[in-house]
>>> print(open('model_5.txt').read())   # compact mmCIF, C-alpha atoms
# COMPACT_ATOMS: atom_id res chain seq x y z
CA MET A 127 -7.47 -26.47 11.97
CA ASN A 128 -8.42 -29.38 9.73
CA THR A 129 -9.83 -27.22 6.95
CA ASP A 130 -8.49 -27.12 3.41
CA PRO A 131 -6.22 -24.01 3.08
CA GLY A 132 -7.89 -23.30 -0.27
CA VAL A 133 -11.26 -22.86 1.48
CA VAL A 134 -9.67 -20.52 4.05
CA ARG A 135 -7.90 -18.59 1.28
CA ASP A 136 -11.17 -18.03 -0.62
CA LEU A 137 -12.76 -16.71 2.58
CA PHE A 138 -9.83 -14.38 3.24
CA ALA A 139 -9.76 -13.20 -0.38
CA GLY A 140 -13.40 -12.11 -0.28
CA HIS A 141 -13.01 -10.33 3.04
CA TYR A 142 -9.74 -8.71 2.00
CA PHE A 143 -11.13 -7.45 -1.31
CA LEU A 144 -14.00 -5.70 0.48
CA PHE A 145 -11.54 -4.29 3.03
CA ALA A 146 -9.15 -3.04 0.33
CA PHE A 147 -11.97 -1.66 -1.84
CA LEU A 148 -13.60 0.38 0.94
CA THR A 149 -10.29 1.72 2.26
CA SER A 150 -9.09 2.55 -1.29
CA LEU A 151 -12.33 4.38 -1.97
CA GLY A 152 -11.82 6.28 1.30
CA ALA A 153 -8.19 7.15 0.50
CA ILE A 154 -9.13 8.36 -3.00
CA GLN A 155 -11.96 10.50 -1.60
CA ILE A 156 -9.67 12.14 0.97
CA ALA A 157 -7.00 12.80 -1.65
CA VAL A 158 -9.32 14.18 -4.36
CA SER A 159 -11.20 16.35 -1.87
CA ASN A 160 -7.88 18.01 -0.92
CA ALA A 161 -6.78 18.28 -4.55
CA GLY A 162 -10.13 19.70 -5.74
CA THR A 163 -10.71 16.92 -8.30
CA ARG A 164 -14.52 17.29 -8.33
CA GLY A 165 -15.02 14.75 -11.12
CA LEU A 166 -14.14 11.99 -8.60
CA TRP A 167 -16.07 13.22 -5.58
CA LEU A 168 -18.77 10.97 -4.14
CA MET A 169 -20.36 13.96 -2.38
CA PRO A 170 -21.13 17.49 -3.63
CA HIS A 171 -18.83 19.30 -1.18
CA ALA A 172 -15.12 18.87 -0.31
CA THR A 173 -15.64 18.62 3.46
CA MET A 174 -18.39 16.03 3.09
CA THR A 175 -16.25 14.06 0.64
CA ARG A 176 -13.28 14.11 3.04
CA TRP A 177 -15.42 12.96 5.98
CA LEU A 178 -16.96 10.22 3.86
CA GLY A 179 -13.42 9.04 3.06
CA ILE A 180 -12.50 8.91 6.75
CA VAL A 181 -15.73 7.06 7.61
CA LEU A 182 -15.11 4.53 4.81
CA ILE A 183 -11.58 3.77 6.04
CA VAL A 184 -12.54 3.46 9.72
CA SER A 185 -15.62 1.35 8.88
CA ALA A 186 -13.63 -0.96 6.61
CA ILE A 187 -10.98 -1.60 9.29
CA ALA A 188 -13.70 -2.25 11.91
CA ILE A 189 -15.64 -4.59 9.59
CA PHE A 190 -12.54 -6.57 8.53
CA PHE A 191 -11.24 -7.16 12.04
CA MET A 192 -14.69 -7.75 13.60
CA GLN A 193 -16.03 -10.04 10.86
CA PRO A 194 -14.87 -13.19 12.77
CA LEU A 195 -17.56 -12.36 15.35
CA TRP A 196 -20.36 -13.16 12.89
CA VAL A 197 -18.71 -15.10 10.04
CA ASP A 198 -17.56 -18.71 10.47
CA GLY A 199 -13.86 -19.16 9.79
CA PRO A 200 -10.58 -20.58 11.07
CA TRP A 201 -10.56 -18.44 14.21
CA ALA A 202 -12.60 -20.12 16.89
CA ALA A 203 -11.53 -21.87 20.07
CA GLY A 204 -7.91 -20.99 20.40
CA SER A 205 -7.33 -18.13 18.01
CA VAL A 206 -5.56 -16.26 20.80
CA GLU A 207 -2.92 -18.94 20.54
CA ALA A 208 -0.29 -18.26 17.93
CA ASP A 209 -0.49 -21.39 15.83
CA SER A 210 -3.09 -21.01 13.10
CA LEU A 211 -3.06 -24.79 12.55
CA THR A 212 -4.70 -25.76 15.83
CA ARG A 213 -7.86 -23.71 15.55
CA ASP A 214 -11.44 -24.87 15.12
CA TRP A 215 -13.79 -23.63 12.42
CA GLY A 216 -16.47 -21.33 13.79
CA LYS A 217 -17.07 -17.84 15.08
CA ALA A 218 -14.64 -16.00 17.34
CA ASN A 219 -15.55 -14.47 20.67
CA TRP A 220 -14.38 -11.04 21.87
CA ASP A 221 -11.34 -12.46 23.66
CA GLU A 222 -10.16 -14.19 20.48
CA LEU A 223 -10.87 -11.33 18.10
CA ALA A 224 -7.51 -9.50 18.06
CA GLY A 225 -5.60 -12.58 16.92
CA ALA A 226 -8.31 -14.13 14.77
CA ARG A 227 -6.97 -12.76 11.47
CA ASN A 228 -3.42 -13.90 12.20
CA VAL A 229 -3.45 -16.96 9.94
CA ASN A 230 -0.26 -18.11 8.25
CA ASP A 231 -0.39 -18.03 4.43
CA ILE A 232 0.46 -21.74 4.28
CA HIS A 233 -2.72 -22.34 6.28
CA GLY A 234 -4.91 -20.17 4.05
CA GLY A 235 -3.95 -16.57 4.87
CA LEU A 236 -3.06 -14.28 1.95
CA ASP A 237 0.63 -13.92 1.09
CA GLY A 238 2.15 -10.65 -0.16
CA VAL A 239 1.68 -11.44 -3.86
CA LYS A 240 -2.02 -12.28 -3.45
CA GLN A 241 -2.57 -9.18 -1.31
CA THR A 242 -0.90 -7.07 -4.02
CA GLY A 243 -3.18 -8.56 -6.69
CA TRP A 244 -6.36 -8.06 -4.68
CA PHE A 245 -5.36 -4.56 -3.59
CA SER A 246 -4.63 -3.51 -7.20
CA LEU A 247 -8.02 -4.80 -8.33
CA ALA A 248 -9.71 -3.06 -5.39
CA ALA A 249 -7.94 0.26 -6.11
CA VAL A 250 -8.93 0.18 -9.82
CA THR A 251 -12.54 -0.65 -8.83
CA ALA A 252 -12.54 2.19 -6.29
CA PHE A 253 -11.34 4.62 -8.99
CA ALA A 254 -14.03 3.37 -11.38
CA VAL A 255 -16.73 3.82 -8.73
CA SER A 256 -15.46 7.35 -7.99
CA ALA A 257 -15.46 8.21 -11.70
CA ILE A 258 -19.01 6.87 -12.21
CA ALA A 259 -20.34 8.58 -9.08
CA GLY A 260 -18.57 11.84 -10.02
CA THR A 261 -20.05 11.68 -13.54
CA LEU A 262 -23.57 11.10 -12.21
CA SER A 263 -23.12 13.91 -9.71
CA ILE A 264 -21.99 16.39 -12.39
CA LYS A 265 -24.31 15.29 -15.21
CA ILE A 266 -27.51 14.60 -13.26
CA LEU A 267 -27.23 16.70 -10.10
CA ASN A 268 -25.28 19.43 -11.94
CA THR A 269 -23.03 19.98 -8.91
CA VAL A 270 -20.34 21.91 -10.84
CA GLN A 271 -21.39 25.34 -12.04
CA PRO A 272 -18.55 26.79 -14.16
CA LYS A 273 -17.97 30.48 -13.65
CA SER A 274 -17.82 32.67 -16.73
CA GLY A 275 -14.64 32.08 -18.71
CA ASP A 276 -13.81 28.88 -16.82
CA GLU A 277 -15.02 26.55 -19.54
CA GLN A 278 -12.45 27.77 -22.01
CA ILE A 279 -9.63 27.27 -19.50
CA THR A 280 -10.71 23.85 -18.31
CA SER A 281 -11.43 22.50 -21.78
CA ALA A 282 -7.70 22.64 -22.50
CA GLN A 283 -6.96 20.32 -19.55
CA ASP A 284 -6.94 16.56 -19.55
CA GLY A 285 -6.28 13.78 -17.03
CA LEU A 286 -6.94 14.54 -13.37
CA ALA A 287 -6.54 18.27 -14.08
CA GLY A 288 -9.55 18.06 -16.41
CA LEU A 289 -11.55 16.29 -13.71
CA ALA A 290 -11.37 19.40 -11.53
CA ASN A 291 -14.51 20.77 -13.19
CA ARG A 292 -15.70 18.11 -15.60
CA SER A 293 -16.91 14.52 -15.49
CA TYR A 294 -14.75 11.53 -16.40
CA LEU A 295 -16.82 10.86 -19.53
CA SER A 296 -16.28 14.35 -20.91
CA VAL A 297 -12.54 14.43 -20.09
CA GLN A 298 -11.62 10.92 -21.27
CA PRO A 299 -11.84 11.43 -25.09
CA GLU A 300 -9.65 14.54 -24.80
CA SER A 301 -7.14 12.81 -22.52
CA TRP A 302 -6.71 9.96 -24.98
CA ARG A 303 -6.54 12.29 -27.99
CA ASN A 304 -3.84 14.38 -26.29
CA PHE A 305 -1.92 11.26 -25.28
CA ARG A 306 -1.87 9.98 -28.87
CA ALA A 307 -0.89 13.40 -30.20
CA ASP A 308 1.93 13.99 -27.69
CA ILE A 309 3.45 10.62 -26.95
CA GLY A 310 5.68 10.41 -30.06
CA GLU A 311 7.32 13.77 -29.46
CA PHE A 312 7.52 13.12 -25.70
CA TRP A 313 9.31 9.83 -26.34
CA GLN A 314 11.78 11.30 -28.84
CA ASN A 315 12.59 14.24 -26.52
CA GLY A 316 12.97 11.87 -23.59
CA ILE A 317 15.43 9.67 -25.47
CA ARG A 318 17.38 12.72 -26.67
CA GLU A 319 17.66 14.22 -23.18
CA ALA A 320 18.44 10.94 -21.39
CA ASP A 321 21.91 10.25 -19.96
CA SER A 322 24.30 8.44 -22.29
CA TRP A 323 24.23 5.35 -20.04
CA ASN A 324 20.43 5.23 -19.98
CA LEU A 325 19.13 1.71 -20.75
CA ILE A 326 16.18 2.86 -22.86
CA LYS A 327 18.42 5.19 -24.86
CA SER A 328 20.89 2.41 -25.54
CA ILE A 329 18.07 0.13 -26.78
CA TRP A 330 15.79 2.68 -28.49
CA GLY A 331 18.15 5.49 -29.35
CA ARG A 332 20.08 3.65 -32.05
CA SER A 333 17.02 2.23 -33.77
CA SER A 334 15.38 5.66 -33.93
CA LYS A 335 18.37 7.33 -35.59
CA MET B 273 25.31 -9.20 19.76
CA THR B 274 22.89 -12.06 19.46
CA SER B 275 22.58 -12.38 23.22
CA ILE B 276 21.72 -8.65 23.61
CA ASP B 277 19.26 -9.10 20.76
CA ALA B 278 17.72 -12.12 22.47
CA ASP B 279 17.65 -10.38 25.86
CA ILE B 280 15.65 -7.48 24.42
CA VAL B 281 13.12 -9.79 22.72
CA ILE B 282 12.74 -11.94 25.83
CA TRP B 283 12.28 -8.84 28.03
CA LEU B 284 9.76 -7.22 25.65
CA ASN B 285 7.84 -10.43 25.12
CA GLY B 286 7.83 -10.97 28.88
CA LEU B 287 5.73 -7.81 29.23
CA SER B 288 2.89 -9.50 27.34
CA GLY B 289 0.07 -10.96 29.41
CA ASN B 290 -0.03 -8.03 31.83
CA VAL B 291 -2.38 -5.63 30.00
CA ALA B 292 -4.83 -7.49 27.77
CA ALA B 293 -5.84 -4.36 25.82
CA PHE B 294 -2.22 -3.61 24.91
CA ASP B 295 -1.64 -7.24 23.90
CA ASN B 296 -4.70 -7.10 21.64
CA LEU B 297 -3.53 -3.81 20.12
CA MET B 298 -0.15 -5.40 19.36
CA ARG B 299 -1.82 -8.45 17.79
CA ILE B 300 -3.80 -6.20 15.44
CA ALA B 301 -0.74 -4.03 14.66
CA ALA B 302 1.28 -7.19 13.92
CA SER B 303 -1.40 -8.48 11.53
CA ASP B 304 -0.42 -9.23 7.93
CA TYR B 305 -3.31 -7.09 6.74
CA LEU B 306 -3.43 -3.76 8.57
CA MET B 307 -0.04 -2.05 8.17
CA PRO B 308 0.70 -3.34 4.65
CA LEU B 309 -2.66 -1.88 3.63
CA VAL B 310 -1.79 1.43 5.32
CA PHE B 311 1.42 1.62 3.25
CA SER B 312 -0.45 0.75 0.03
CA LEU B 313 -3.17 3.32 0.78
CA SER B 314 -0.57 6.00 1.44
CA MET B 315 0.85 5.40 -2.05
CA LEU B 316 -2.65 5.43 -3.59
CA GLY B 317 -3.52 8.66 -1.78
CA LEU B 318 -0.26 10.27 -2.86
CA TRP B 319 -1.07 9.52 -6.51
CA PHE B 320 -4.26 11.60 -6.37
CA SER B 321 -3.02 14.36 -4.03
CA GLY B 322 -1.28 16.77 -6.42
CA LYS B 323 -3.00 20.15 -6.71
CA ASN B 324 -1.35 21.40 -9.92
CA PRO B 325 0.31 19.68 -12.93
CA ALA B 326 3.90 20.06 -11.62
CA GLN B 327 3.00 18.77 -8.15
CA ARG B 328 0.88 15.99 -9.64
CA ILE B 329 3.65 14.56 -11.84
CA ARG B 330 6.13 14.78 -8.95
CA TYR B 331 3.77 12.95 -6.60
CA GLN B 332 2.93 10.32 -9.19
CA LEU B 333 6.56 9.62 -10.07
CA THR B 334 7.31 9.34 -6.35
CA THR B 335 4.41 6.91 -5.96
CA LEU B 336 5.79 4.77 -8.79
CA MET B 337 9.24 4.86 -7.17
CA GLY B 338 7.67 3.90 -3.83
CA ILE B 339 5.76 0.95 -5.34
CA SER B 340 8.89 -0.21 -7.21
CA ALA B 341 10.91 0.09 -3.99
CA LEU B 342 8.37 -2.13 -2.17
CA SER B 343 8.78 -4.83 -4.82
CA ILE B 344 12.58 -4.59 -4.95
CA ALA B 345 12.80 -4.59 -1.12
CA ASN B 346 10.93 -7.92 -1.11
CA ILE B 347 13.49 -9.41 -3.50
CA VAL B 348 16.45 -8.04 -1.52
CA VAL B 349 15.01 -9.37 1.77
CA TRP B 350 14.55 -12.78 0.13
CA LEU B 351 18.20 -12.72 -1.02
CA PHE B 352 19.30 -11.94 2.56
CA ASN B 353 17.00 -14.68 3.85
CA ILE B 354 18.48 -17.40 1.66
CA THR B 355 22.04 -16.17 2.34
CA ILE B 356 21.95 -15.68 6.11
CA GLU B 357 19.07 -17.96 7.19
CA ARG B 358 18.85 -16.59 10.71
CA PRO B 359 16.36 -18.58 12.82
CA ARG B 360 13.42 -16.78 14.41
CA PRO B 361 13.57 -15.91 18.15
CA PHE B 362 10.81 -18.42 19.03
CA VAL B 363 12.87 -21.18 17.38
CA GLU B 364 16.01 -20.46 19.43
CA TYR B 365 14.38 -19.26 22.67
CA GLY B 366 10.97 -20.90 22.49
CA ASP B 367 11.05 -21.94 26.13
CA GLN B 368 11.44 -18.29 27.23
CA LEU B 369 8.92 -16.69 24.86
CA THR B 370 5.13 -16.58 24.70
CA LEU B 371 4.36 -16.45 21.00
CA SER B 372 1.35 -14.24 20.24
CA PHE B 373 1.55 -14.44 16.45
CA TYR B 374 1.57 -17.46 14.15
CA PRO B 375 5.08 -18.97 13.79
CA PRO B 376 6.44 -17.77 10.41
CA THR B 377 8.47 -20.31 8.48
CA ASP B 378 10.86 -17.93 6.67
CA PRO B 379 14.17 -16.70 8.17
CA SER B 380 14.32 -13.72 10.50
CA PHE B 381 16.86 -11.25 9.07
CA PRO B 382 16.05 -8.64 7.82
CA ALA B 383 12.41 -7.97 8.76
CA ASN B 384 10.46 -7.96 5.49
CA PRO B 385 7.43 -6.00 6.78
CA VAL B 386 9.68 -3.28 8.17
CA ALA B 387 11.67 -3.03 4.91
CA VAL B 388 8.42 -2.56 2.98
CA GLY B 389 7.12 -0.02 5.49
CA PHE B 390 10.29 2.07 5.52
CA ALA B 391 10.48 2.07 1.71
CA ALA B 392 6.93 3.48 1.52
CA ALA B 393 7.59 5.93 4.35
CA THR B 394 10.75 7.24 2.66
CA ALA B 395 8.82 7.81 -0.56
CA ALA B 396 6.16 9.76 1.37
CA TRP B 397 8.83 11.65 3.34
CA THR B 398 10.39 13.05 0.13
CA ILE B 399 7.00 14.63 -0.67
CA ASN B 400 5.72 15.65 2.75
CA ARG B 401 7.91 15.47 5.87
CA LYS B 402 5.00 15.23 8.34
CA PHE B 403 3.19 12.53 6.38
CA GLY B 404 6.47 10.64 5.98
CA LEU B 405 7.13 10.76 9.73
CA TRP B 406 3.68 9.32 10.43
CA LEU B 407 4.43 6.46 8.07
CA TYR B 408 7.86 5.91 9.65
CA ALA B 409 6.03 5.69 12.99
CA ALA B 410 3.57 3.15 11.53
CA ALA B 411 6.45 1.07 10.12
CA ALA B 412 8.26 1.23 13.48
CA LEU B 413 5.06 0.17 15.31
CA PHE B 414 4.70 -2.71 12.85
CA GLY B 415 8.25 -3.84 13.66
CA PHE B 416 7.80 -3.32 17.40
CA SER B 417 4.58 -5.36 17.46
CA ARG B 418 6.28 -8.27 15.68
CA MET B 419 9.17 -8.08 18.17
CA TYR B 420 6.70 -7.96 21.08
CA ALA B 421 5.00 -11.04 19.61
CA GLY B 422 8.35 -12.87 19.61
CA VAL B 423 8.91 -13.29 15.85
CA PHE B 424 11.74 -10.77 15.19
CA TYR B 425 14.97 -9.63 16.87
CA PRO B 426 15.72 -5.89 17.18
CA THR B 427 18.55 -6.21 14.63
CA ASP B 428 16.05 -7.72 12.16
CA ILE B 429 13.96 -4.55 12.56
CA ILE B 430 16.98 -2.24 12.15
CA GLY B 431 18.18 -4.29 9.16
CA GLY B 432 14.72 -4.09 7.59
CA ALA B 433 14.59 -0.31 8.06
CA VAL B 434 18.03 0.15 6.48
CA VAL B 435 17.10 -2.10 3.54
CA GLY B 436 13.82 -0.22 2.98
CA ILE B 437 15.44 3.23 2.97
CA ALA B 438 18.43 2.12 0.88
CA ILE B 439 16.21 0.44 -1.70
CA TYR B 440 14.10 3.58 -2.10
CA VAL B 441 17.24 5.67 -2.70
CA PHE B 442 18.49 3.05 -5.17
CA THR B 443 15.13 3.07 -6.97
CA THR B 444 15.28 6.83 -7.52
CA TYR B 445 18.65 6.34 -9.24
CA LEU B 446 17.25 3.41 -11.19
CA ARG B 447 14.59 5.74 -12.57
CA ARG B 448 17.22 7.80 -14.42
CA PHE B 449 18.34 4.55 -16.04
CA LEU B 450 14.82 3.81 -17.29
CA GLU B 451 13.53 7.23 -18.40
CA PRO B 452 11.50 8.17 -20.45
CA LEU B 453 9.74 4.85 -19.84
CA ILE B 454 8.65 5.78 -16.29
CA THR B 455 7.30 9.25 -17.11
CA GLY B 456 5.81 7.77 -20.31
CA PHE B 457 3.87 5.31 -18.17
CA VAL B 458 2.45 8.18 -16.10
CA ARG B 459 1.59 9.91 -19.40
CA LEU B 460 -0.29 6.76 -20.51
CA ILE B 461 -2.29 6.72 -17.27
CA ARG B 462 -3.05 10.41 -17.84
CA GLY B 463 -4.36 9.37 -21.25
CA LEU B 464 -6.83 7.24 -19.31
CA SER B 465 -7.71 10.29 -17.15
CA ALA B 466 -6.33 8.67 -14.00
CA ALA B 467 -3.16 10.76 -13.63
>>> encode(input="model_5.txt", output="structure tokens")
Amino acid sequence: MNTDPGVVRDLFAGHYFLFAFLTSLGAIQIAVSNAGTRGLWLMPHATMTRWLGIVLIVSAIAIFFMQPLWVDGPWAAGSVEADSLTRDWGKANWDELAGARNVNDIHGGLDGVKQTGWFSLAAVTAFAVSAIAGTLSIKILNTVQPKSGDEQITSAQDGLAGLANRSYLSVQPESWRNFRADIGEFWQNGIREADSWNLIKSIWGRSSK
Amino acid sequence: MTSIDADIVIWLNGLSGNVAAFDNLMRIAASDYLMPLVFSLSMLGLWFSGKNPAQRIRYQLTTLMGISALSIANIVVWLFNITIERPRPFVEYGDQLTLSFYPPTDPSFPANPVAVGFAAATAAWTINRKFGLWLYAAAALFGFSRMYAGVFYPTDIIGGAVVGIAIYVFTTYLRRFLEPLITGFVRLIRGLSAA
């Protein structure tokens, strides 16, 4: 492979971000469908949301590992061989496909730190997409119909608990307000109840006395 | 010990080339991208899985411990690597192995991917035994595929598993040292309606 590792890395980064985003979206959908967090559902019903999550994960894995069939990259003509340095640039064939993505990070593959960065960004984006879709679903399609008396109970909840029956936009101001109201007392209680050898207590405890 | 280790790798690797479909499955399982993503997704899924406030905070704290354990396991593996510097099987027995993965340049012991996988699996296991066992199986498959490909010895895999589990246990103790910072962080994320 006579290609600049930077070019290969950019290619891998784009593919990996899409892979991580779709699988993260799928994992979030499966989890929130089980937990009943309707404010993050992409579909109006739990079963549909769960199946969508499974389809997203399976599709993302298939797309990522089959992309070398139709996208030019460092996988052609010899990708079944182990050394990622001796490959030609081009498309892979079916026989080469399984090993096509096995490119060393010094030759342009993504190392653990870069994967962590891209995955984190993909997970945050997947959450944002779920929150926006859930908000549109609740506000426009009116998919959540609170039963009598429910509104009073749910209005006292924030965070993911609040998203069980409300949209992200309606829960967020309350979540932040509650956080600001509670955090001081939470912190003081936490310091007070911490073990005597606790690092935070030894730094913060004295200054707060 | 090393000769038994080498014998196992040479025997396992010698099985490659017989069933193309199995070889391809092992190449995909050994990939840098599939199993690490499975472990990351399991932590992401765990974060959102709680059904009531008590369960949710427990799951989210476990997720944070799991993510911290992954990071610390990487550092511990690196410390082992620079201390022991064990060569990879294909370096010592290259003439007897058919390498089916790119030749990594870092030392062999302990297996970093397995340490990371077992740390995540242990975190999941403390929450849900069945889910944890599936992740242990995924981490073991990850290690097996790398051994089959000729890039790790069995003792590297066992060492990685021990490091991963031990680091998760250590991380849970470390949490007591850093509270209320950890729970406060979860509280901050809840303030952003994501916890």
>>> residues_around(input="model_5.txt", residues="A:Ala287", least_positions_apart="5", cutoff="12 Å", atoms="all atoms listed in the file", output="PyMOL selection string")
(chain A and resi 158+161-166+279-282+292-294+297-298+300-301) or (chain B and resi 320-329+462-463+465-467)
>>> interface_residues(input="model_5.txt", of="chain A", to="chain B", cutoff="6 Å", atoms="all atoms listed in the file", output="JSON, numbers by chain")
{"A": [153, 154, 157, 161, 208, 209, 210, 224, 225, 228, 285, 286, 298, 301, 302, 305, 316, 324, 325, 326]}
>>> residues_around(input="model_5.txt", residues="stretch 400-403 of chain B", least_positions_apart="5", cutoff="10 Å", atoms="all atoms listed in the file", output="ChimeraX atom specification")
/B:314,318,331,393-395,408-409
>>> residues_around(input="model_5.txt", residues="A:Leu236", least_positions_apart="2", cutoff="12 Å", atoms="all atoms listed in the file", output="JSON, numbers by chain")
{"A": [131, 132, 133, 134, 135, 136, 137, 138, 139, 140, 141, 142, 143, 227, 228, 229, 230, 231, 232, 233, 234, 238, 239, 240, 241, 242, 243, 244, 245], "B": [303, 304, 305, 308]}
>>> closest_residue(input="model_5.txt", among="A:Ile156, A:Leu182, A:Leu195, A:Leu295", to="A:Ile264", atoms="only C-alpha atoms")
A:Leu295
>>> residues_around(input="model_5.txt", residues="stretch 435-441 of chain B", least_positions_apart="5", cutoff="6 Å", atoms="only C-alpha atoms", output="JSON, numbers by chain")
{"B": [341, 387, 388, 390, 391]}
>>> atom_distance(input="model_5.txt", atom1="atom CA of B:Ala433", atom2="atom CA of B:Ile344")
13.8 Å
>>> atom_distance(input="model_5.txt", atom1="atom CA of B:Ile399", atom2="atom CA of A:Ile180")
21.6 Å
>>> atom_distance(input="model_5.txt", atom1="atom CA of A:Val250", atom2="atom CA of B:Val458")
15.3 Å
>>> closest_residue(input="model_5.txt", among="A:Leu267, A:Ile317, A:Ile258, A:Leu151", to="A:Leu178", atoms="only C-alpha atoms")
A:Leu151
>>> axis_aligned_box(input="model_5.txt", around="stretch 286-304 of chain A", padding_each_side="6 Å", output="JSON")
{"center_x": -10.4, "center_y": 15.4, "center_z": -19.8, "size_x": 25.1, "size_y": 22.8, "size_z": 28.5}
>>> residues_around(input="model_5.txt", residues="stretch 360-368 of chain B", least_positions_apart="5", cutoff="12 Å", atoms="only C-alpha atoms", output="PyMOL selection string")
(chain A and resi 208) or (chain B and resi 274-275+277-286+353+373-383+418-428)
>>> decode(input="model_5.txt", residues="stretch 338-363 of chain B", atoms="C-alpha atoms", output="mmCIF file, in the first residue's frame")
data_model
loop_
_atom_site.group_PDB
_atom_site.id
_atom_site.type_symbol
_atom_site.label_atom_id
_atom_site.label_comp_id
_atom_site.auth_asym_id
_atom_site.auth_seq_id
_atom_site.Cartn_x
_atom_site.Cartn_y
_atom_site.Cartn_z
ATOM 1 C CA GLY B 338 -17.193 0.154 33.249
ATOM 2 C CA ILE B 339 -15.972 3.010 31.024
ATOM 3 C CA SER B 340 -13.357 4.014 33.625
ATOM 4 C CA ALA B 341 -12.235 0.374 33.883
ATOM 5 C CA LEU B 342 -11.758 0.238 30.088
ATOM 6 C CA SER B 343 -9.480 3.285 30.226
ATOM 7 C CA ILE B 344 -7.515 2.091 33.263
ATOM 8 C CA ALA B 345 -7.147 -1.410 31.745
ATOM 9 C CA ASN B 346 -5.489 0.176 28.696
ATOM 10 C CA ILE B 347 -2.959 1.934 30.943
ATOM 11 C CA VAL B 348 -2.261 -1.223 32.975
ATOM 12 C CA VAL B 349 -1.783 -3.297 29.795
ATOM 13 C CA TRP B 350 0.633 -0.657 28.490
ATOM 14 C CA LEU B 351 2.601 -0.837 31.768
ATOM 15 C CA PHE B 352 2.816 -4.643 31.413
ATOM 16 C CA ASN B 353 3.831 -4.228 27.765
ATOM 17 C CA ILE B 354 6.760 -1.939 28.509
ATOM 18 C CA THR B 355 7.834 -4.072 31.489
ATOM 19 C CA ILE B 356 7.620 -7.578 30.017
ATOM 20 C CA GLU B 357 7.905 -6.918 26.253
ATOM 21 C CA ARG B 358 6.890 -10.417 25.215
ATOM 22 C CA PRO B 359 7.230 -10.895 21.437
ATOM 23 C CA ARG B 360 4.172 -11.903 19.416
ATOM 24 C CA PRO B 361 3.792 -15.562 18.317
ATOM 25 C CA PHE B 362 4.321 -14.701 14.627
ATOM 26 C CA VAL B 363 7.652 -13.071 15.539
#
